[in-house]
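Asks: Before we start, here is the structure in question, set down as structure tokens.
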Amino acid sequence: MAKIIEGLYYSESHEFVKVEGDFGYIGITDYAQHELGNIVYVDMPEIDDEVTIDEDFGAVESVKAASDLISPVSGIVVEVNEALENTPELLNKDAFGNWIIKVELSDKAELDKLMNAKAYEDFCNQ
């Protein structure tokens with residue numbers, strides 16, 4: 001069973017958002033990293049790039065597949081997790097502890113479209 005953390009927001013494409021003030025940390029869920037297998041590369045946007053809800057902002061590549069990263073919210077990228085450039089396997093070790101990008105949220109109302117932990121757990125168990 002994949003780990004799911006209370007207090008985060010989840011998308012159907014298996015990204016999470018951890019909100020702190022006006023910022024959101026976006027990463028992939030534990031379920032997603034299990035499905036992908038050994039992650040070998042993470043393609044991330046640049047700082048100051050704009051991300052748009054439901055549009056891709058990068059990709060995660062594993063030994064068995066490549067998967068687009070779909071932004072669960074809109075905003076401006078203020079930080080990228082540079083540790084993933086050299087050690088993408090950190091996502092396999094702790095998906096929730098290793099966010100991919102930090103964005104300044106442009107519309108917090110978008111969070112209402114995402115799932116809470118219980119809804120995401122039900123979604124994964126379908």
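By convention here, the chains of the structure tokens are called A, B, ... in the order presented, each chain's residues are numbered starting at 1, and ligands are numbered starting at 1 in the order presented.
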Could I get the residues of stretch 16-81 of chain A with an atom no further than 7 Å from an atom of stretch 88-112 of chain A, each paired with its nearest atom pair and that distance in Å to one decimal, using only C-alpha atoms, sorted by chain and residue number, as CSV?
Replies:
residue,atom,partner,partner_atom,distance
A:Asp22,CA,A:Leu105,CA,5.7
A:Phe23,CA,A:Glu104,CA,4.5
A:Gly24,CA,A:Val103,CA,5.3
A:Tyr25,CA,A:Lys102,CA,4.4
A:Ile26,CA,A:Ile101,CA,5.4
A:Gly27,CA,A:Trp99,CA,4.3
A:Ile28,CA,A:Ala95,CA,6.2
A:Thr29,CA,A:Ala95,CA,5.8
A:Asp30,CA,A:Ala95,CA,5.3
A:Gln33,CA,A:Asn92,CA,5.7
A:Asn38,CA,A:Glu89,CA,6.7
A:Ile39,CA,A:Glu89,CA,5.2
A:Val40,CA,A:Pro88,CA,5.7
A:Tyr41,CA,A:Pro88,CA,5.5
A:Val42,CA,A:Pro88,CA,6.1
A:Val73,CA,A:Glu110,CA,6.1
A:Ser74,CA,A:Ser106,CA,5.8
A:Gly75,CA,A:Leu105,CA,4.5
A:Ile76,CA,A:Val103,CA,5.2
A:Val77,CA,A:Val103,CA,4.3
A:Val78,CA,A:Val103,CA,5.4
A:Glu79,CA,A:Lys102,CA,5.0
A:Val80,CA,A:Ile101,CA,4.5
A:Asn81,CA,A:Ile100,CA,5.2
Asks: As a PDB file with all heavy atoms, in the first residue's frame, please: the residues near stretch 55-59 of chain A (cut-off 7 Å, only C-alpha atoms, same-chain neighbours under 2 positions excluded).
Replies:
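Generated file (selection-v1.pdb):
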ATOM      1  N   VAL A  42      14.848  13.464 -13.845  1.00  0.00           N
ATOM      2  CA  VAL A  42      13.715  14.365 -13.632  1.00  0.00           C
ATOM      3  C   VAL A  42      13.955  15.620 -14.464  1.00  0.00           C
ATOM      4  O   VAL A  42      14.973  16.291 -14.322  1.00  0.00           O
ATOM      5  CB  VAL A  42      13.568  14.763 -12.141  1.00  0.00           C
ATOM      6  CG1 VAL A  42      12.344  15.651 -11.953  1.00  0.00           C
ATOM      7  CG2 VAL A  42      13.466  13.535 -11.252  1.00  0.00           C
ATOM      8  N   ASP A  43      13.015  15.899 -15.370  1.00  0.00           N
ATOM      9  CA  ASP A  43      13.062  17.105 -16.198  1.00  0.00           C
ATOM     10  C   ASP A  43      12.220  18.171 -15.511  1.00  0.00           C
ATOM     11  O   ASP A  43      11.030  17.964 -15.287  1.00  0.00           O
ATOM     12  CB  ASP A  43      12.515  16.795 -17.602  1.00  0.00           C
ATOM     13  CG  ASP A  43      12.524  18.008 -18.503  1.00  0.00           C
ATOM     14  OD1 ASP A  43      13.446  18.838 -18.374  1.00  0.00           O
ATOM     15  OD2 ASP A  43      11.599  18.136 -19.328  1.00  0.00           O
ATOM     16  N   MET A  44      12.855  19.286 -15.139  1.00  0.00           N
ATOM     17  CA  MET A  44      12.170  20.331 -14.376  1.00  0.00           C
ATOM     18  C   MET A  44      12.203  21.656 -15.125  1.00  0.00           C
ATOM     19  O   MET A  44      13.105  21.900 -15.919  1.00  0.00           O
ATOM     20  CB  MET A  44      12.853  20.519 -13.012  1.00  0.00           C
ATOM     21  CG  MET A  44      12.798  19.293 -12.123  1.00  0.00           C
ATOM     22  SD  MET A  44      13.674  19.527 -10.561  1.00  0.00           S
ATOM     23  CE  MET A  44      15.364  19.183 -11.056  1.00  0.00           C
ATOM     24  N   PRO A  45      11.225  22.528 -14.854  1.00  0.00           N
ATOM     25  CA  PRO A  45      11.241  23.858 -15.467  1.00  0.00           C
ATOM     26  C   PRO A  45      12.332  24.733 -14.845  1.00  0.00           C
ATOM     27  O   PRO A  45      12.999  24.324 -13.908  1.00  0.00           O
ATOM     28  CB  PRO A  45       9.850  24.400 -15.154  1.00  0.00           C
ATOM     29  CG  PRO A  45       9.441  23.691 -13.908  1.00  0.00           C
ATOM     30  CD  PRO A  45      10.091  22.336 -13.969  1.00  0.00           C
ATOM     31  N   VAL A  51       3.764  27.869 -14.572  1.00  0.00           N
ATOM     32  CA  VAL A  51       3.097  26.581 -14.733  1.00  0.00           C
ATOM     33  C   VAL A  51       1.589  26.835 -14.699  1.00  0.00           C
ATOM     34  O   VAL A  51       1.118  27.760 -14.034  1.00  0.00           O
ATOM     35  CB  VAL A  51       3.505  25.540 -13.655  1.00  0.00           C
ATOM     36  CG1 VAL A  51       4.980  25.190 -13.784  1.00  0.00           C
ATOM     37  CG2 VAL A  51       3.187  26.016 -12.250  1.00  0.00           C
ATOM     38  N   THR A  52       0.854  26.017 -15.457  1.00  0.00           N
ATOM     39  CA  THR A  52      -0.592  26.188 -15.587  1.00  0.00           C
ATOM     40  C   THR A  52      -1.280  24.907 -15.173  1.00  0.00           C
ATOM     41  O   THR A  52      -0.840  23.805 -15.542  1.00  0.00           O
ATOM     42  CB  THR A  52      -0.954  26.532 -17.044  1.00  0.00           C
ATOM     43  OG1 THR A  52      -0.214  27.690 -17.433  1.00  0.00           O
ATOM     44  CG2 THR A  52      -2.440  26.813 -17.198  1.00  0.00           C
ATOM     45  N   ILE A  53      -2.357  25.043 -14.426  1.00  0.00           N
ATOM     46  CA  ILE A  53      -3.111  23.887 -13.964  1.00  0.00           C
ATOM     47  C   ILE A  53      -3.446  22.965 -15.137  1.00  0.00           C
ATOM     48  O   ILE A  53      -3.797  23.435 -16.231  1.00  0.00           O
ATOM     49  CB  ILE A  53      -4.386  24.332 -13.198  1.00  0.00           C
ATOM     50  CG1 ILE A  53      -5.056  23.142 -12.517  1.00  0.00           C
ATOM     51  CG2 ILE A  53      -5.344  25.080 -14.124  1.00  0.00           C
ATOM     52  CD1 ILE A  53      -6.181  23.514 -11.571  1.00  0.00           C
ATOM     53  N   GLU A  61      11.547  10.215 -15.615  1.00  0.00           N
ATOM     54  CA  GLU A  61      11.877   9.021 -16.385  1.00  0.00           C
ATOM     55  C   GLU A  61      12.392   7.940 -15.449  1.00  0.00           C
ATOM     56  O   GLU A  61      13.194   8.204 -14.561  1.00  0.00           O
ATOM     57  CB  GLU A  61      12.940   9.345 -17.446  1.00  0.00           C
ATOM     58  CG  GLU A  61      12.430  10.271 -18.518  1.00  0.00           C
ATOM     59  CD  GLU A  61      13.492  10.626 -19.541  1.00  0.00           C
ATOM     60  OE1 GLU A  61      14.475   9.878 -19.688  1.00  0.00           O
ATOM     61  OE2 GLU A  61      13.331  11.679 -20.190  1.00  0.00           O
ATOM     62  N   ALA A  66       8.519   6.762 -19.105  1.00  0.00           N
ATOM     63  CA  ALA A  66       8.621   8.202 -18.886  1.00  0.00           C
ATOM     64  C   ALA A  66       7.207   8.703 -18.647  1.00  0.00           C
ATOM     65  O   ALA A  66       6.263   8.221 -19.273  1.00  0.00           O
ATOM     66  CB  ALA A  66       9.235   8.898 -20.088  1.00  0.00           C
ATOM     67  N   SER A  67       7.076   9.646 -17.735  1.00  0.00           N
ATOM     68  CA  SER A  67       5.754  10.157 -17.393  1.00  0.00           C
ATOM     69  C   SER A  67       5.810  11.670 -17.295  1.00  0.00           C
ATOM     70  O   SER A  67       6.682  12.223 -16.630  1.00  0.00           O
ATOM     71  CB  SER A  67       5.321   9.551 -16.049  1.00  0.00           C
ATOM     72  OG  SER A  67       4.049  10.011 -15.686  1.00  0.00           O
ATOM     73  N   ASP A  68       4.869  12.338 -17.983  1.00  0.00           N
ATOM     74  CA  ASP A  68       4.791  13.794 -17.880  1.00  0.00           C
ATOM     75  C   ASP A  68       4.379  14.185 -16.471  1.00  0.00           C
ATOM     76  O   ASP A  68       3.600  13.490 -15.823  1.00  0.00           O
ATOM     77  CB  ASP A  68       3.762  14.358 -18.865  1.00  0.00           C
ATOM     78  CG  ASP A  68       4.260  14.342 -20.305  1.00  0.00           C
ATOM     79  OD1 ASP A  68       5.487  14.297 -20.513  1.00  0.00           O
ATOM     80  OD2 ASP A  68       3.406  14.382 -21.206  1.00  0.00           O
ATOM     81  N   LEU A  69       4.906  15.298 -16.018  1.00  0.00           N
ATOM     82  CA  LEU A  69       4.475  15.895 -14.756  1.00  0.00           C
ATOM     83  C   LEU A  69       3.393  16.915 -15.092  1.00  0.00           C
ATOM     84  O   LEU A  69       3.629  17.828 -15.879  1.00  0.00           O
ATOM     85  CB  LEU A  69       5.656  16.582 -14.069  1.00  0.00           C
ATOM     86  CG  LEU A  69       6.763  15.650 -13.580  1.00  0.00           C
ATOM     87  CD1 LEU A  69       8.027  16.437 -13.257  1.00  0.00           C
ATOM     88  CD2 LEU A  69       6.295  14.857 -12.378  1.00  0.00           C
ATOM     89  N   ILE A  70       2.202  16.736 -14.533  1.00  0.00           N
ATOM     90  CA  ILE A  70       1.067  17.616 -14.814  1.00  0.00           C
ATOM     91  C   ILE A  70       0.853  18.519 -13.603  1.00  0.00           C
ATOM     92  O   ILE A  70       0.659  18.036 -12.491  1.00  0.00           O
ATOM     93  CB  ILE A  70      -0.218  16.802 -15.088  1.00  0.00           C
ATOM     94  CG1 ILE A  70       0.025  15.717 -16.155  1.00  0.00           C
ATOM     95  CG2 ILE A  70      -1.373  17.734 -15.473  1.00  0.00           C
ATOM     96  CD1 ILE A  70       0.427  16.223 -17.511  1.00  0.00           C
ATOM     97  N   SER A  71       0.866  19.821 -13.829  1.00  0.00           N
ATOM     98  CA  SER A  71       0.752  20.747 -12.700  1.00  0.00           C
ATOM     99  C   SER A  71      -0.657  20.734 -12.119  1.00  0.00           C
ATOM    100  O   SER A  71      -1.632  20.945 -12.834  1.00  0.00           O
ATOM    101  CB  SER A  71       1.115  22.168 -13.126  1.00  0.00           C
ATOM    102  OG  SER A  71       1.191  22.982 -11.971  1.00  0.00           O
TER     103      SER A  71
END
Asks: Run DSSP on the backbone and tell me which residues of stretch 33-74 of chain A come out as strand (DSSP E or B); list them as an MDAnalysis selection string.
Replies: chainID A and resid 39:43 50:51 56:62 66:70
Asks: Report as a list in words: the residues of chain A with a DSSP assignment of helix (DSSP H, G or I), based on the backbone of this structure.
Replies: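 Residues of chain A classed as helix (DSSP H, G or I): Asp30, Tyr31, Ala32, Gln33, His34, Glu35, Leu36, Ala83, Leu84, Glu85, Asn86, Leu90, Leu91, Asn92, Lys93, Lys108, Ala109, Glu110, Leu111, Asp112, Lys113, Ala117, Lys118, Ala119, Tyr120, Glu121, Asp122, Phe123 and Cys124 of chain A.
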